[in-house]
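Enquirer: Handing over target-v9.pdb, PDB, C-alpha atoms.
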ATOM      1  CA  MET C  22    -154.505 -14.015  87.400
ATOM      2  CA  LYS C  23    -154.509 -17.539  88.870
ATOM      3  CA  GLU C  24    -158.187 -18.063  88.093
ATOM      4  CA  ASN C  25    -157.906 -21.819  88.490
ATOM      5  CA  ARG C  26    -155.308 -24.130  89.959
ATOM      6  CA  ASN C  27    -155.291 -26.771  87.246
ATOM      7  CA  ASN C  28    -154.056 -24.809  84.266
ATOM      8  CA  TYR C  29    -151.667 -26.229  81.681
ATOM      9  CA  ALA C  30    -149.090 -24.478  79.507
ATOM     10  CA  PHE C  31    -148.225 -25.610  75.987
ATOM     11  CA  ILE C  32    -144.948 -24.054  74.853
ATOM     12  CA  ASP C  33    -143.543 -23.766  71.336
ATOM     13  CA  SER C  34    -139.905 -23.857  72.465
ATOM     14  CA  GLN C  35    -138.465 -22.944  69.060
ATOM     15  CA  ASN C  36    -140.587 -19.810  68.732
ATOM     16  CA  LEU C  37    -139.959 -18.865  72.361
ATOM     17  CA  ASN C  38    -136.199 -19.378  72.256
ATOM     18  CA  LEU C  39    -135.584 -17.763  68.860
ATOM     19  CA  SER C  40    -137.784 -14.755  69.636
ATOM     20  CA  ILE C  41    -136.061 -14.089  72.955
ATOM     21  CA  ARG C  42    -132.580 -14.478  71.457
ATOM     22  CA  GLN C  43    -133.455 -12.142  68.575
ATOM     23  CA  MET C  44    -134.189  -9.503  71.209
ATOM     24  CA  GLY C  45    -130.664  -9.987  72.578
ATOM     25  CA  TRP C  46    -131.192 -11.994  75.747
ATOM     26  CA  ARG C  47    -131.553 -15.558  77.016
ATOM     27  CA  LEU C  48    -134.485 -16.932  78.974
ATOM     28  CA  ASN C  49    -133.910 -18.489  82.376
ATOM     29  CA  PHE C  50    -136.188 -21.509  82.004
ATOM     30  CA  ALA C  51    -136.255 -22.284  85.735
ATOM     31  CA  LYS C  52    -137.510 -18.765  86.485
ATOM     32  CA  PHE C  53    -139.946 -18.998  83.582
ATOM     33  CA  ARG C  54    -141.425 -22.226  84.940
ATOM     34  CA  GLN C  55    -141.869 -20.633  88.376
ATOM     35  CA  TYR C  56    -143.439 -17.574  86.757
ATOM     36  CA  LEU C  57    -145.954 -19.782  84.926
ATOM     37  CA  SER C  58    -146.922 -21.392  88.198
ATOM     38  CA  ASP C  59    -147.138 -18.172  90.183
ATOM     39  CA  LYS C  60    -148.876 -15.998  87.568
ATOM     40  CA  TYR C  61    -151.168 -18.480  85.827
ATOM     41  CA  GLY C  62    -151.545 -21.427  88.199
ATOM     42  CA  ILE C  63    -149.794 -23.762  85.759
ATOM     43  CA  THR C  64    -149.587 -27.283  87.141
ATOM     44  CA  HIS C  65    -148.281 -28.923  83.950
ATOM     45  CA  ALA C  66    -145.965 -27.147  81.486
ATOM     46  CA  PHE C  67    -145.492 -29.041  78.227
ATOM     47  CA  LEU C  68    -142.399 -27.923  76.323
ATOM     48  CA  PHE C  69    -142.365 -29.010  72.676
ATOM     49  CA  ILE C  70    -138.806 -29.309  71.442
ATOM     50  CA  GLY C  71    -136.818 -30.941  68.667
ATOM     51  CA  PHE C  72    -134.558 -33.737  69.905
ATOM     52  CA  VAL C  73    -130.888 -33.238  69.020
ATOM     53  CA  ARG C  74    -128.273 -35.743  70.154
ATOM     54  CA  GLY C  75    -125.783 -34.110  72.482
ATOM     55  CA  ASN C  76    -128.373 -31.904  74.175
ATOM     56  CA  GLU C  77    -129.430 -34.531  76.733
ATOM     57  CA  ALA C  78    -128.022 -32.524  79.676
ATOM     58  CA  MET C  79    -130.163 -29.539  78.659
ATOM     59  CA  TYR C  80    -133.265 -31.748  78.385
ATOM     60  CA  THR C  81    -132.583 -33.190  81.830
ATOM     61  CA  ARG C  82    -132.217 -29.673  83.261
ATOM     62  CA  LEU C  83    -135.513 -28.584  81.672
ATOM     63  CA  GLN C  84    -137.272 -31.613  83.153
ATOM     64  CA  ARG C  85    -135.698 -30.938  86.554
ATOM     65  CA  ASP C  86    -137.007 -27.365  86.299
ATOM     66  CA  GLY C  87    -140.522 -28.751  85.968
ATOM     67  CA  PHE C  88    -141.162 -28.967  82.240
ATOM     68  CA  ILE C  89    -142.692 -31.998  80.585
ATOM     69  CA  CYS C  90    -140.594 -32.280  77.436
ATOM     70  CA  VAL C  91    -142.330 -33.564  74.334
ATOM     71  CA  PHE C  92    -139.651 -34.404  71.799
ATOM     72  CA  LYS C  93    -139.944 -34.182  68.045
ATOM     73  CA  PRO C  94    -137.451 -36.137  65.949
ATOM     74  CA  THR C  95    -135.292 -33.771  63.925
ATOM     75  CA  LEU C  96    -133.690 -33.921  60.514
ATOM     76  CA  GLU C  97    -130.276 -32.555  59.686
ATOM     77  CA  LEU C  98    -130.530 -30.693  56.402
ATOM     78  CA  PRO C  99    -127.747 -30.660  53.767
ATOM     79  CA  ASP C 100    -126.680 -27.165  54.880
ATOM     80  CA  GLY C 101    -126.074 -28.481  58.425
ATOM     81  CA  SER C 102    -129.145 -26.842  59.962
ATOM     82  CA  VAL C 103    -131.607 -28.894  61.992
ATOM     83  CA  LYS C 104    -135.344 -29.058  61.296
ATOM     84  CA  GLY C 105    -137.842 -30.173  63.917
ATOM     85  CA  ASN C 106    -141.226 -28.455  63.564
ATOM     86  CA  VAL C 107    -143.327 -29.114  66.689
ATOM     87  CA  ASP C 108    -146.613 -27.542  65.572
ATOM     88  CA  ALA C 109    -148.590 -30.765  65.074
ATOM     89  CA  GLU C 110    -147.345 -32.209  68.380
ATOM     90  CA  LEU C 111    -148.362 -29.104  70.319
ATOM     91  CA  VAL C 112    -151.872 -29.104  68.851
ATOM     92  CA  LEU C 113    -152.285 -32.864  69.304
ATOM     93  CA  HIS C 114    -151.093 -32.881  72.920
ATOM     94  CA  THR C 115    -153.255 -29.874  73.774
ATOM     95  CA  MET C 116    -156.301 -31.783  72.555
ATOM     96  CA  ILE C 117    -155.224 -34.998  74.312
ATOM     97  CA  GLN C 118    -154.905 -33.049  77.565
ATOM     98  CA  TYR C 119    -158.068 -30.973  76.955
ATOM     99  CA  PRO C 120    -160.280 -32.875  79.438
ATOM    100  CA  HIS C 121    -157.633 -32.620  82.165
ATOM    101  CA  PHE C 122    -157.061 -28.859  82.419
ATOM    102  CA  GLU C 123    -159.312 -25.976  83.367
ATOM    103  CA  LYS C 124    -157.567 -23.356  81.250
ATOM    104  CA  ALA C 125    -154.594 -23.337  78.878
ATOM    105  CA  VAL C 126    -151.768 -20.909  78.317
ATOM    106  CA  ILE C 127    -150.298 -21.184  74.823
ATOM    107  CA  VAL C 128    -146.752 -19.812  74.496
ATOM    108  CA  THR C 129    -145.986 -18.764  70.916
ATOM    109  CA  GLY C 130    -146.208 -15.927  68.455
ATOM    110  CA  ASP C 131    -146.598 -18.308  65.505
ATOM    111  CA  GLY C 132    -149.834 -17.883  63.559
ATOM    112  CA  ASP C 133    -149.860 -21.589  62.722
ATOM    113  CA  PHE C 134    -151.556 -21.977  66.114
ATOM    114  CA  TYR C 135    -154.384 -19.557  65.270
ATOM    115  CA  CYS C 136    -157.013 -22.296  64.952
ATOM    116  CA  LEU C 137    -156.001 -23.865  68.282
ATOM    117  CA  VAL C 138    -156.050 -20.534  70.115
ATOM    118  CA  GLU C 139    -159.381 -19.623  68.522
ATOM    119  CA  TYR C 140    -160.912 -22.975  69.483
ATOM    120  CA  LEU C 141    -159.697 -22.763  73.086
ATOM    121  CA  ARG C 142    -160.995 -19.202  73.359
ATOM    122  CA  ASP C 143    -164.396 -20.161  71.939
ATOM    123  CA  GLN C 144    -164.632 -23.087  74.380
ATOM    124  CA  GLU C 145    -163.643 -20.770  77.268
ATOM    125  CA  LYS C 146    -160.560 -22.916  77.894
ATOM    126  CA  LEU C 147    -157.940 -20.272  76.985
ATOM    127  CA  LEU C 148    -156.409 -18.362  79.859
ATOM    128  CA  LYS C 149    -153.757 -16.479  77.859
ATOM    129  CA  LEU C 150    -151.712 -16.423  74.698
ATOM    130  CA  LEU C 151    -148.238 -15.670  76.007
ATOM    131  CA  ILE C 152    -146.278 -14.090  73.161
ATOM    132  CA  PRO C 153    -142.474 -13.841  73.342
ATOM    133  CA  ASP C 154    -142.074 -10.561  71.405
ATOM    134  CA  ARG C 155    -144.834  -7.941  71.274
ATOM    135  CA  HIS C 156    -143.224  -6.446  68.144
ATOM    136  CA  SER C 157    -143.027  -9.671  66.152
ATOM    137  CA  TYR C 158    -145.966 -12.058  66.181
ATOM    138  CA  SER C 159    -148.682 -13.164  63.806
ATOM    139  CA  GLY C 160    -151.284 -10.532  63.034
ATOM    140  CA  LEU C 161    -153.874 -13.300  62.884
ATOM    141  CA  PHE C 162    -153.942 -13.345  66.680
ATOM    142  CA  LYS C 163    -155.091  -9.729  66.794
ATOM    143  CA  ARG C 164    -158.458 -10.910  65.468
ATOM    144  CA  LEU C 165    -159.007 -13.001  68.605
ATOM    145  CA  SER C 166    -158.469 -10.411  71.323
ATOM    146  CA  THR C 167    -161.194  -7.978  72.333
ATOM    147  CA  PRO C 168    -161.345  -5.229  74.975
ATOM    148  CA  GLU C 169    -163.615  -7.518  77.004
ATOM    149  CA  TYR C 170    -161.325 -10.529  76.614
ATOM    150  CA  ASN C 171    -157.678  -9.581  76.231
ATOM    151  CA  ILE C 172    -155.968 -12.855  75.464
ATOM    152  CA  PHE C 173    -152.417 -11.434  75.260
ATOM    153  CA  ASP C 174    -149.524 -11.268  77.675
ATOM    154  CA  PHE C 175    -145.968 -10.605  76.506
ATOM    155  CA  ILE C 176    -142.715 -12.159  77.698
ATOM    156  CA  ASP C 177    -140.481  -9.347  76.411
ATOM    157  CA  ALA C 178    -141.816  -7.121  79.189
ATOM    158  CA  LEU C 179    -140.430  -9.609  81.727
ATOM    159  CA  ARG C 180    -136.765  -9.461  80.775
ATOM    160  CA  GLY C 181    -135.790  -8.109  84.205
ATOM    161  CA  LYS C 182    -137.501 -11.078  85.909
ATOM    162  CA  LEU C 183    -136.746 -13.897  83.487
ATOM    163  CA  GLU C 184    -133.381 -13.188  81.881
ATOM    164  CA  PHE C 185    -130.651 -15.792  82.282
ATOM    165  CA  ILE C 186    -127.616 -14.122  83.834
ATOM    166  CA  LYS C 187    -124.434 -16.174  83.750
ATOM    167  CA  LYS C 188    -122.720 -16.187  87.153
TER     168      LYS C 188
END
Do you think you could lay out the structure here as structure tokens?
Expert:
Amino acid sequence: MKENRNNYAFIDSQNLNLSIRQMGWRLNFAKFRQYLSDKYGITHAFLFIGFVRGNEAMYTRLQRDGFICVFKPTLELPDGSVKGNVDAELVLHTMIQYPHFEKAVIVTGDGDFYCLVEYLRDQEKLLKLLIPDRHSYSGLFKRLSTPEYNIFDFIDALRGKLEFIKK
């Protein structure tokens, strides 16, 4: 699959993390980063994530594992939940980096990225849309894949390789 050696990944961390956890497991991010490199030739993996005070050790670990963290300020809502939508940042940074990569891997199942995925596909800059859960992703993406150009790969099939197992 490593068609080129200068491919970039753009990862919607919220969609990735929540989808994996809803399936009952946790992702080993270090293994995931290595997988991206080995399978897709990813040289730069941008992880878009809401910044929450107290999680600095986790952010440091992600950076040590090879991710370039792009932080979104978050808001604490009255019910105590935290909101930090990274959609605009992911699209913006993909376009900023556009001249620097050969192909992109977009990691999400969120249909808000339909226009980005469609544009990259049409420009022949999309390597894959890596979807966390094959049973729960936007139907909009189905319009973009053809038998000649299958844009999908699924992370849920990789549980045995990528699951975090506490020692």
Enquirer: If we count all atoms listed in the file, what is near C:Cys90 at a cut-off of 10 Å, once residues fewer than 2 positions away on the same chain are taken out, given as a PyMOL selection string?
Expert: chain C and resi 32+34+66-72+80-81+83-84+87-88+92-93
Enquirer: Would you mind exporting C-alpha atoms of the selected residues as a compact mmCIF listing (two decimals), in the coordinates of the input?
Expert:
# COMPACT_ATOMS: atom_id res chain seq x y z
CA ILE C 32 -144.95 -24.05 74.85
CA SER C 34 -139.90 -23.86 72.46
CA ALA C 66 -145.96 -27.15 81.49
CA PHE C 67 -145.49 -29.04 78.23
CA LEU C 68 -142.40 -27.92 76.32
CA PHE C 69 -142.36 -29.01 72.68
CA ILE C 70 -138.81 -29.31 71.44
CA GLY C 71 -136.82 -30.94 68.67
CA PHE C 72 -134.56 -33.74 69.90
CA TYR C 80 -133.26 -31.75 78.39
CA THR C 81 -132.58 -33.19 81.83
CA LEU C 83 -135.51 -28.58 81.67
CA GLN C 84 -137.27 -31.61 83.15
CA GLY C 87 -140.52 -28.75 85.97
CA PHE C 88 -141.16 -28.97 82.24
CA PHE C 92 -139.65 -34.40 71.80
CA LYS C 93 -139.94 -34.18 68.04
Enquirer: Env of stretch 143-157 of chain C: 10 Å cut, atoms = only C-alpha atoms, seq-sep filter 5 positions within chain, self excluded. Answer as a PyMOL selection string.
Expert: chain C and resi 22-25+28-32+36-41+43-44+61+119+122-131+137-138+162+165-166+170-179
Enquirer: To one decimal in Å, tell me the separation between atom CA of C:Phe53 and atom CA of C:Leu111.
Expert: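 Those two atoms sit 18.7 Å apart.
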Enquirer: In Å, how far is it from atom CA of C:Gly181 to atom CA of C:Tyr135?
Expert: 28.9 Å
Enquirer: Please report the interatomic distance between atom CA of C:Asp133 and atom CA of C:Met116 in Å with one decimal.
Expert: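 So the two atoms, atom CA of C:Asp133 and atom CA of C:Met116, lie 15.6 Å apart.
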Enquirer: Go through C:Thr64, C:Gly132, C:Leu96, C:Asp59 and flag the residue nearest C:Tyr158, using all atoms listed in the file for the distances.
Expert: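 Checking each of C:Thr64, C:Gly132, C:Leu96, C:Asp59 against C:Tyr158, counting all atoms listed in the file, the winner is C:Gly132.
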Enquirer: Would you mind telling me which residue in C:Gln55, C:Asn49, C:Asn76, C:Thr95 lies nearest to C:Val107 when using all atoms listed in the file?
Expert: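 Smallest separation from C:Val107 among the options: C:Thr95.
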Enquirer: Stretch 93-107 of chain C, all listed atoms, 8 Å padding on each side: what axis-aligned box centre and edge lengths in Å to one decimal come out, as JSON?
Expert:
{"center_x": -134.7, "center_y": -31.5, "center_z": 60.9, "size_x": 33.3, "size_y": 25.3, "size_z": 30.3}
